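Structure data (mmCIF, C-alpha atoms) from model.cif:
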```
data_protein
loop_
_atom_site.label_atom_id
_atom_site.label_comp_id
_atom_site.auth_asym_id
_atom_site.auth_seq_id
_atom_site.Cartn_x
_atom_site.Cartn_y
_atom_site.Cartn_z
CA MET A 15 0.00 0.00 0.00
CA ASN A 16 1.43 3.34 -0.98
CA THR A 17 1.11 5.72 1.96
CA ALA A 18 3.45 8.40 0.66
CA MET A 19 2.30 11.70 -0.77
CA THR A 20 4.44 14.21 -2.56
CA ARG A 21 4.44 17.84 -1.56
CA GLU A 22 2.92 18.71 -4.94
CA GLU A 23 0.07 16.26 -4.37
CA LEU A 24 -0.58 17.70 -0.94
CA GLU A 25 -0.49 21.26 -2.28
CA LYS A 26 -3.04 20.32 -4.91
CA ILE A 27 -5.36 18.77 -2.32
CA LEU A 28 -5.12 21.82 -0.06
CA ASP A 29 -5.65 24.23 -2.93
CA GLN A 30 -8.71 22.44 -4.30
CA ALA A 31 -10.23 22.05 -0.84
CA LEU A 32 -9.71 25.69 0.08
CA GLN A 33 -11.17 27.05 -3.16
CA ASP A 34 -14.15 24.68 -3.05
CA VAL A 35 -15.00 25.16 0.64
CA THR A 36 -14.58 28.94 0.47
CA GLU A 37 -16.90 29.30 -2.48
CA ARG A 38 -19.50 26.88 -1.14
CA THR A 39 -19.60 28.10 2.45
CA ALA A 40 -18.91 31.81 2.01
CA GLY A 41 -19.60 32.59 -1.63
CA VAL A 42 -16.10 34.04 -2.02
CA ARG A 43 -13.86 33.05 -4.89
CA LEU A 44 -10.19 32.98 -4.00
CA SER A 45 -7.44 32.59 -6.52
CA GLN A 46 -3.79 31.85 -5.98
CA GLY A 47 -1.46 34.81 -6.35
CA GLU A 48 1.20 36.81 -4.63
CA GLN A 49 -1.10 39.26 -2.83
CA PRO A 50 0.73 40.45 0.29
CA LEU A 51 -1.35 40.33 3.46
CA GLY A 52 -2.31 43.56 5.21
CA LYS A 53 -1.55 44.47 8.81
CA ASP A 54 -4.93 43.58 10.33
CA LEU A 55 -4.80 39.80 10.39
CA CYS A 56 -6.44 36.84 12.05
CA THR A 57 -5.13 33.30 12.21
CA VAL A 58 -6.77 29.93 12.83
CA HIS A 59 -4.60 26.95 13.53
CA ILE A 60 -5.38 23.26 13.66
CA THR A 61 -3.27 20.19 14.32
CA PHE A 62 -3.56 16.85 12.59
CA ASP A 63 -3.28 14.68 15.64
CA LYS A 64 -3.04 11.22 14.14
CA GLY A 65 -1.18 9.83 11.19
CA PHE A 66 0.37 12.94 9.76
CA GLY A 67 1.92 14.87 12.70
CA THR A 68 1.57 18.21 10.96
CA SER A 69 -0.59 21.30 11.30
CA LEU A 70 -2.39 23.78 9.14
CA THR A 71 -2.64 27.53 9.62
CA LEU A 72 -4.94 29.92 7.84
CA CYS A 73 -3.76 33.50 8.18
CA ALA A 74 -6.03 36.04 6.51
CA ASP A 75 -6.85 39.71 6.28
CA THR A 76 -9.51 40.37 8.89
CA GLY A 77 -11.63 42.13 6.27
CA LEU A 78 -11.77 38.99 4.15
CA LEU A 79 -12.79 36.79 7.08
CA VAL A 80 -15.43 39.32 8.13
CA ARG A 81 -16.90 39.30 4.63
CA MET A 82 -16.88 35.50 4.56
CA ALA A 83 -18.56 35.36 7.98
CA ARG A 84 -21.17 37.91 6.90
CA ASN A 85 -22.00 35.90 3.77
CA SER A 86 -22.10 32.60 5.62
CA PHE A 87 -24.17 33.68 8.61
CA HIS A 88 -26.32 36.18 6.66
CA GLU A 89 -25.53 38.80 9.26
CA GLU A 90 -24.81 42.42 8.29
CA ALA A 91 -22.98 43.08 11.54
CA VAL A 92 -20.31 40.56 12.41
CA THR A 93 -19.22 40.62 16.04
CA PRO A 94 -15.76 39.49 17.17
CA GLU A 95 -17.45 36.35 18.53
CA ASP A 96 -19.08 35.71 15.14
CA LEU A 97 -15.71 36.14 13.45
CA GLU A 98 -14.01 33.64 15.74
CA GLU A 99 -16.88 31.14 15.48
CA PHE A 100 -16.96 31.37 11.71
CA SER A 101 -13.18 31.08 11.33
CA LYS A 102 -13.03 27.96 13.47
CA GLU A 103 -16.00 26.27 11.81
CA TYR A 104 -14.69 27.15 8.36
CA LEU A 105 -11.32 25.57 9.14
CA ASN A 106 -13.11 22.52 10.54
CA VAL A 107 -15.01 21.99 7.31
CA LEU A 108 -11.87 22.68 5.29
CA CYS A 109 -9.89 20.11 7.27
CA GLY A 110 -12.64 17.53 6.87
CA LYS A 111 -12.43 17.98 3.14
CA ILE A 112 -8.63 17.79 3.21
CA THR A 113 -8.40 14.70 5.39
CA GLY A 114 -10.99 12.96 3.22
CA ALA A 115 -8.90 13.64 0.12
CA MET A 116 -5.70 12.60 1.92
CA PHE A 117 -7.33 9.36 2.99
CA ARG A 118 -8.40 8.60 -0.57
CA ALA A 119 -4.80 9.21 -1.70
CA THR A 120 -2.92 7.40 1.07
CA GLN A 121 -5.42 5.16 2.91
CA VAL A 122 -4.13 6.75 6.12
CA PRO A 123 -6.90 8.16 8.29
CA ALA A 124 -5.91 11.54 9.70
CA HIS A 125 -7.82 13.17 12.51
CA PHE A 126 -7.61 16.80 13.47
CA GLY A 127 -7.94 18.64 16.74
CA THR A 128 -9.93 21.70 17.75
CA PRO A 129 -9.14 24.90 15.85
CA VAL A 130 -7.62 27.77 17.80
CA PHE A 131 -8.23 31.38 16.81
CA TYR A 132 -5.73 34.23 17.17
CA HIS A 133 -5.80 37.92 16.38
CA GLY A 134 -2.71 38.70 14.35
CA ARG A 135 -0.25 36.22 12.96
CA TYR A 136 0.52 32.99 14.78
CA GLU A 137 3.47 30.67 14.29
CA PRO A 138 3.13 27.25 15.93
CA GLU A 139 5.99 26.46 18.27
CA GLY A 140 8.39 23.70 17.24
CA GLN A 141 7.10 23.69 13.68
CA GLU A 142 8.20 25.31 10.46
CA ALA A 143 6.32 26.16 7.29
CA GLN A 144 6.76 23.46 4.68
CA PHE A 145 4.88 25.49 2.09
CA ILE A 146 2.58 28.47 1.88
CA LEU A 147 -0.33 28.88 -0.52
CA THR A 148 -1.23 32.54 -1.04
CA TYR A 149 -4.64 33.70 -2.20
CA SER A 150 -6.50 36.89 -2.94
CA ASP A 151 -10.06 37.79 -3.75
CA GLU A 152 -11.67 40.40 -5.97
CA HIS A 153 -11.31 43.02 -3.22
CA SER A 154 -7.54 42.43 -3.13
CA GLU A 155 -7.73 41.01 0.34
CA GLY A 156 -5.74 37.90 0.93
CA ALA A 157 -5.18 34.73 2.86
CA GLN A 158 -2.35 32.28 3.34
CA LEU A 159 -2.79 28.58 3.96
CA ILE A 160 0.38 27.33 5.60
CA HIS A 161 1.31 23.69 6.03
CA HIS A 162 3.57 23.24 9.04
CA VAL A 163 5.80 20.29 9.77
CA PRO A 164 7.92 19.63 12.87
CA CYS A 165 11.22 21.55 12.84
CA ALA A 166 14.15 19.61 11.46
CA GLN A 167 16.46 18.11 14.10
CA GLU A 168 19.80 19.88 14.54
CA ASP A 169 21.49 16.51 14.10
CA ALA A 170 21.51 16.16 10.34
CA GLY A 171 21.52 12.38 10.70
CA ALA A 172 18.26 12.33 12.62
CA PRO A 173 15.18 11.64 10.53
CA LYS A 174 12.42 14.22 10.36
CA GLN A 175 9.23 13.37 12.17
CA THR A 176 7.29 13.06 8.92
CA GLU A 177 9.67 10.31 7.90
CA GLN A 178 9.42 8.61 11.27
CA GLU A 179 5.65 8.54 10.96
CA GLY A 180 5.59 6.51 7.78
CA ASP A 181 7.03 8.77 5.12
CA LEU A 182 3.69 10.37 4.52
CA ILE A 183 5.09 13.54 3.04
CA ARG A 184 8.06 13.18 0.76
CA MET B 28 -47.19 18.96 3.47
CA SER B 29 -43.57 19.72 4.30
CA LYS B 30 -41.38 17.02 5.75
CA ARG B 31 -40.06 18.02 9.17
CA VAL B 32 -36.31 17.81 9.69
CA MET B 33 -34.52 17.82 13.02
CA VAL B 34 -30.99 19.19 12.59
CA VAL B 35 -28.39 17.96 15.05
CA ASP B 36 -25.17 19.93 14.64
CA ASP B 37 -23.10 22.18 16.88
CA SER B 38 -21.96 24.25 13.93
CA ARG B 39 -23.83 27.46 13.22
CA LEU B 40 -22.29 27.51 9.75
CA VAL B 41 -23.87 24.17 8.89
CA ARG B 42 -27.22 25.11 10.41
CA VAL B 43 -27.40 28.26 8.28
CA GLN B 44 -26.31 26.31 5.19
CA LEU B 45 -28.99 23.69 5.78
CA GLU B 46 -31.60 26.40 6.19
CA ASP B 47 -30.50 27.95 2.87
CA VAL B 48 -30.46 24.65 1.04
CA LEU B 49 -33.88 23.58 2.32
CA ALA B 50 -35.58 26.92 1.66
CA GLY B 51 -38.22 26.51 -1.03
CA THR B 52 -38.12 22.72 -0.90
CA ASP B 53 -40.55 20.20 0.58
CA TYR B 54 -38.54 20.15 3.80
CA GLU B 55 -38.65 22.45 6.80
CA VAL B 56 -36.37 22.60 9.80
CA ALA B 57 -38.53 21.59 12.77
CA ALA B 58 -35.86 21.75 15.47
CA TYR B 59 -32.20 22.38 16.07
CA CYS B 60 -30.15 20.42 18.56
CA ARG B 61 -26.59 21.36 19.39
CA SER B 62 -25.62 17.97 20.83
CA GLY B 63 -26.39 14.28 20.69
CA GLU B 64 -27.81 14.40 24.21
CA ASP B 65 -30.16 17.20 23.21
CA ALA B 66 -31.31 15.22 20.16
CA ILE B 67 -32.11 12.12 22.24
CA GLU B 68 -34.10 14.26 24.64
CA GLN B 69 -36.00 16.17 21.97
CA TYR B 70 -36.73 13.40 19.47
CA ALA B 71 -39.98 12.17 21.05
CA SER B 72 -41.49 15.63 21.35
CA VAL B 73 -40.40 16.85 17.90
CA GLN B 74 -41.27 13.58 16.07
CA PRO B 75 -39.44 14.61 12.90
CA ASP B 76 -39.75 12.84 9.57
CA LEU B 77 -35.98 12.97 9.24
CA VAL B 78 -32.92 13.72 11.37
CA THR B 79 -29.64 15.13 10.06
CA MET B 80 -26.89 14.18 12.47
CA ASP B 81 -23.35 15.55 12.65
CA ILE B 82 -20.72 13.10 13.89
CA ILE B 83 -18.16 15.12 15.82
CA MET B 84 -19.85 17.22 18.47
CA GLN B 85 -19.07 18.26 22.01
CA GLY B 86 -20.07 15.45 24.36
CA MET B 87 -21.69 12.39 22.84
CA ASP B 88 -20.79 11.88 19.18
CA GLY B 89 -23.42 11.62 16.47
CA LEU B 90 -22.98 7.90 15.85
CA ASP B 91 -23.72 7.10 19.51
CA ALA B 92 -26.65 9.51 19.56
CA ALA B 93 -28.09 7.97 16.37
CA LYS B 94 -27.73 4.50 17.84
CA ILE B 95 -29.67 5.45 20.98
CA ILE B 96 -32.39 7.25 19.02
CA LEU B 97 -32.81 4.18 16.79
CA GLN B 98 -32.97 1.88 19.81
CA ASN B 99 -35.73 4.02 21.32
CA HIS B 100 -37.44 4.85 18.03
CA PRO B 101 -36.73 2.18 15.41
CA GLU B 102 -38.82 4.08 12.89
CA ALA B 103 -36.42 7.08 13.01
CA ARG B 104 -34.80 8.04 9.74
CA ILE B 105 -31.36 9.46 10.31
CA VAL B 106 -28.95 10.89 7.76
CA MET B 107 -25.40 11.50 8.88
CA VAL B 108 -24.01 14.86 7.71
CA SER B 109 -20.30 15.07 8.36
CA SER B 110 -16.93 15.94 6.94
CA LEU B 111 -15.70 12.49 8.05
CA ALA B 112 -16.64 10.85 4.76
CA TYR B 113 -13.79 8.37 4.89
CA ASP B 114 -12.23 5.70 7.05
CA ASP B 115 -14.80 3.29 8.47
CA THR B 116 -17.27 6.05 9.38
CA PHE B 117 -19.63 5.31 6.50
CA GLU B 118 -19.75 1.60 7.37
CA ARG B 119 -20.29 2.34 11.07
CA ALA B 120 -23.16 4.69 10.22
CA LYS B 121 -24.79 2.07 8.02
CA ALA B 122 -24.30 -0.62 10.64
CA ILE B 123 -26.24 1.28 13.27
CA GLY B 124 -29.09 1.90 10.83
CA ALA B 125 -28.43 5.37 9.42
CA LYS B 126 -30.30 5.84 6.16
CA GLY B 127 -27.69 7.90 4.38
CA PHE B 128 -24.49 9.88 4.53
CA VAL B 129 -23.79 13.39 3.21
CA ASP B 130 -20.36 14.95 3.40
CA LYS B 131 -19.76 18.61 4.19
CA PRO B 132 -19.85 21.06 2.58
CA PHE B 133 -22.92 19.69 0.84
CA HIS B 134 -24.66 20.46 -2.42
CA GLN B 135 -28.45 20.91 -2.46
CA GLU B 136 -28.95 18.20 -5.09
CA GLN B 137 -26.91 15.68 -3.15
CA LEU B 138 -28.66 16.46 0.12
CA LEU B 139 -32.16 16.23 -1.34
CA ARG B 140 -31.35 13.00 -3.14
CA VAL B 141 -30.17 11.40 0.12
CA PHE B 142 -33.24 12.75 1.94
CA GLU B 143 -35.55 11.19 -0.68
CA GLN B 144 -33.76 7.86 -0.43
CA ALA B 145 -33.95 7.93 3.36
CA LEU B 146 -37.69 8.53 3.29
CA ALA B 147 -38.46 6.04 0.52
#
```
Output the file's structure as structure tokens, nothing else.
Amino acid sequence: MNTAMTREELEKILDQALQDVTERTAGVRLSQGEQPLGKDLCTVHITFDKGFGTSLTLCADTGLLVRMARNSFHEEAVTPEDLEEFSKEYLNVLCGKITGAMFRATQVPAHFGTPVFYHGRYEPEGQEAQFILTYSDEHSEGAQLIHHVPCAQEDAGAPKQTEQEGDLIR
Amino acid sequence: MSKRVMVVDDSRLVRVQLEDVLAGTDYEVAAYCRSGEDAIEQYASVQPDLVTMDIIMQGMDGLDAAKIILQNHPEARIVMVSSLAYDDTFERAKAIGAKGFVDKPFHQEQLLRVFEQALA
């Protein structure tokens, strides 16, 4: 059974899931580009707690998330609580879609934890970005979907955790 | 007459989506439950034609809640609505007697087709 997945395959799964879920849940079309993020940001972070040993971070312009929350909840006024609730639920649905696609590709069931919301940018401790997918919408507001993997060991001979856990990500 | 649906999901996003998708159809949302425990408690008084049940919720999960509802009300028609459309989840849902499975985020066509099959 082939349980390995290339970085390109994973990027494709994440990209398709993000575009599909964003359009279907929030009616916002995101396209990949090099749009730099603004200064007013929010981040939601989630950990894949079985099988993959990695995590996913969505860092976005607050204005984009507010618009997505407004569209999804049909509320003109989005409170900070609405924004946090939407961001976490959105990432939950996104991760469900991603883990389903990963399972179909690798036959490895991955489960994810509870999303955590932050104002500003958040970098998970002990992890480093393996790749970043950058998106923007028609209002030139942007988002980054960041796949984090455990930091490489200082000892060059030591295997990375992704390799220890079954060479899931090559 | 509209078919009455009891929605069991702790996600506001999904509840709003379901409301949107069912608007203008032969289905109406009769009750919302935010947990499996709440669904078990409310089922007898709501007496829905159909239940949509999320799987991962705070407290009791949707598979356990569905199992208990079906033990108490064997006539219940339960459709699992979850993002966990992989692994052995689908088989476990079928084994306890769920009538269908819809993965999130759902399409209206897909949802209505599964509803029709569950009520057939």
Pick from A:Gln141, A:Gln30, A:Thr39, A:Thr68 nearest to Leu40 in chain B, counting all atoms listed in the file = A:Thr39
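For the pair CA of Gln33 in chain A and CA of Leu55 in chain A, the interatomic distance is 19.7 Å.
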ask   = Got a sec to resolve the PyMOL selection byres ((chain A and resi 154-169) around 10) on this structure and send the residues as a ChimeraX atom specification?
value = /A:24-25,28-29,32,44-52,55-59,61,66-79,137-153,170-176,183
Resolved residues for the PyMOL selection byres ((chain A and resi 94) around 12) as a list in words =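 Going through the file, the PyMOL selection byres ((chain A and resi 94) around 12) ends up selecting Cys56, Thr76, Gly77, Leu79, Val80, Ala83, Arg84, Ala91, Val92, Thr93, Glu95, Asp96, Leu97, Glu98, Glu99, Phe100, Ser101, Phe131, Tyr132 and His133 of chain A.
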Each residue of range 89-167 of chain A lying at most 9 Å from range 131-137 of chain B should get a row with its shortest atom-to-atom pair and the distance in Å to one decimal, counting only C-alpha atoms; could you produce that, ordered by chain and increasing number, as a tab-separated table?
```
residue	atom	partner	partner_atom	distance
A:Val107	CA	B:Lys131	CA	6.6
A:Leu108	CA	B:Pro132	CA	8.6
A:Gly110	CA	B:Lys131	CA	7.7
A:Lys111	CA	B:Lys131	CA	7.4
```
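Pairwise distance (CA of Ala120 in chain B, CA of Val108 in chain B) equals 10.5 Å.
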message = Evaluate the PyMOL selection byres ((chain A) within 10 of (chain B)) against this structure - the residues, as a count of residues only, please.
response = 35
key: Computed interatomic separation between CA of Ala57 in chain B and CA of Arg140 in chain B (Å)   =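 Rounded to one decimal, the two atoms are 19.5 Å apart.
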query = A:Glu23, A:Asp63, A:Asp54, A:Glu90: which is nearest Arg135 in chain A, counting only C-alpha atoms?
reply = A:Asp54
request  = Can you work out which one of B:Leu138, B:Ile82, B:Ala103, B:Leu90 has the shortest atom-to-atom distance to Leu45 in chain B, counting only C-alpha atoms?
outcome  =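 Looking only at the distances to Leu45 in chain B, the closest residue turns out to be B:Leu138.
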ask   = Around (-42.5, 13.4, 20.1) in the file's frame, which residues reach within 12 Å when counting only C-alpha atoms? Return as a list in words?
value =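 Applying the cut-off with only C-alpha atoms, one gets Met33, Ala57, Ala58, Ala66, Ile67, Glu68, Gln69, Tyr70, Ala71, Ser72, Val73, Gln74, Pro75, Asp76, Ile96, Asn99, His100 and Ala103 of chain B.
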Emit the selected residues as a short mmCIF file (atom, residue, chain, number, x, y, z; two decimals), in the coordinates of the input, including C-alpha atoms.
```cif
data_model
loop_
_atom_site.label_atom_id
_atom_site.label_comp_id
_atom_site.auth_asym_id
_atom_site.auth_seq_id
_atom_site.Cartn_x
_atom_site.Cartn_y
_atom_site.Cartn_z
CA MET B 33 -34.52 17.82 13.02
CA ALA B 57 -38.53 21.59 12.77
CA ALA B 58 -35.86 21.75 15.47
CA ALA B 66 -31.31 15.22 20.16
CA ILE B 67 -32.11 12.12 22.24
CA GLU B 68 -34.10 14.26 24.64
CA GLN B 69 -36.00 16.17 21.97
CA TYR B 70 -36.73 13.40 19.47
CA ALA B 71 -39.98 12.17 21.05
CA SER B 72 -41.49 15.63 21.35
CA VAL B 73 -40.40 16.85 17.90
CA GLN B 74 -41.27 13.58 16.07
CA PRO B 75 -39.44 14.61 12.90
CA ASP B 76 -39.75 12.84 9.57
CA ILE B 96 -32.39 7.25 19.02
CA ASN B 99 -35.73 4.02 21.32
CA HIS B 100 -37.44 4.85 18.03
CA ALA B 103 -36.42 7.08 13.01
#
```
inquiry  = Just want the 7 Å neighbourhood of Asp53 in chain B, counted on only C-alpha atoms, with same-chain residues fewer than 2 positions away dropped. Output as a PyMOL selection string.
reply    = chain B and resi 29-30+51+55
query = Which residue gives the smallest distance to Ala92 in chain B among B:Val141, B:Leu77, B:Val56, B:Val35, with all atoms listed in the file counted?
reply = B:Val35
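For the residues B:Thr116, B:Glu64, B:Val106, B:Gln98, ranking by smallest atom-to-atom distance to Gly86 in chain B using all atoms listed in the file places B:Glu64 first.
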Give the padded box for range 65-75 of chain B as AutoDock Vina command-line options: axis-aligned, covering all atoms listed in the file, 3 Å on each side, centre and edge lengths in Å to one decimal.
```
--center_x -35.8 --center_y 14.7 --center_z 18.8 --size_x 17.3 --size_y 11.1 --size_z 17.7
```
query = Out of B:Ala93, B:Ala125, B:Met84, B:Ile105, which residue has the shortest atom-to-atom distance to Val32 in chain B when counting only C-alpha atoms?
reply =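 Among the listed residues, B:Ile105 lies closest to Val32 in chain B.
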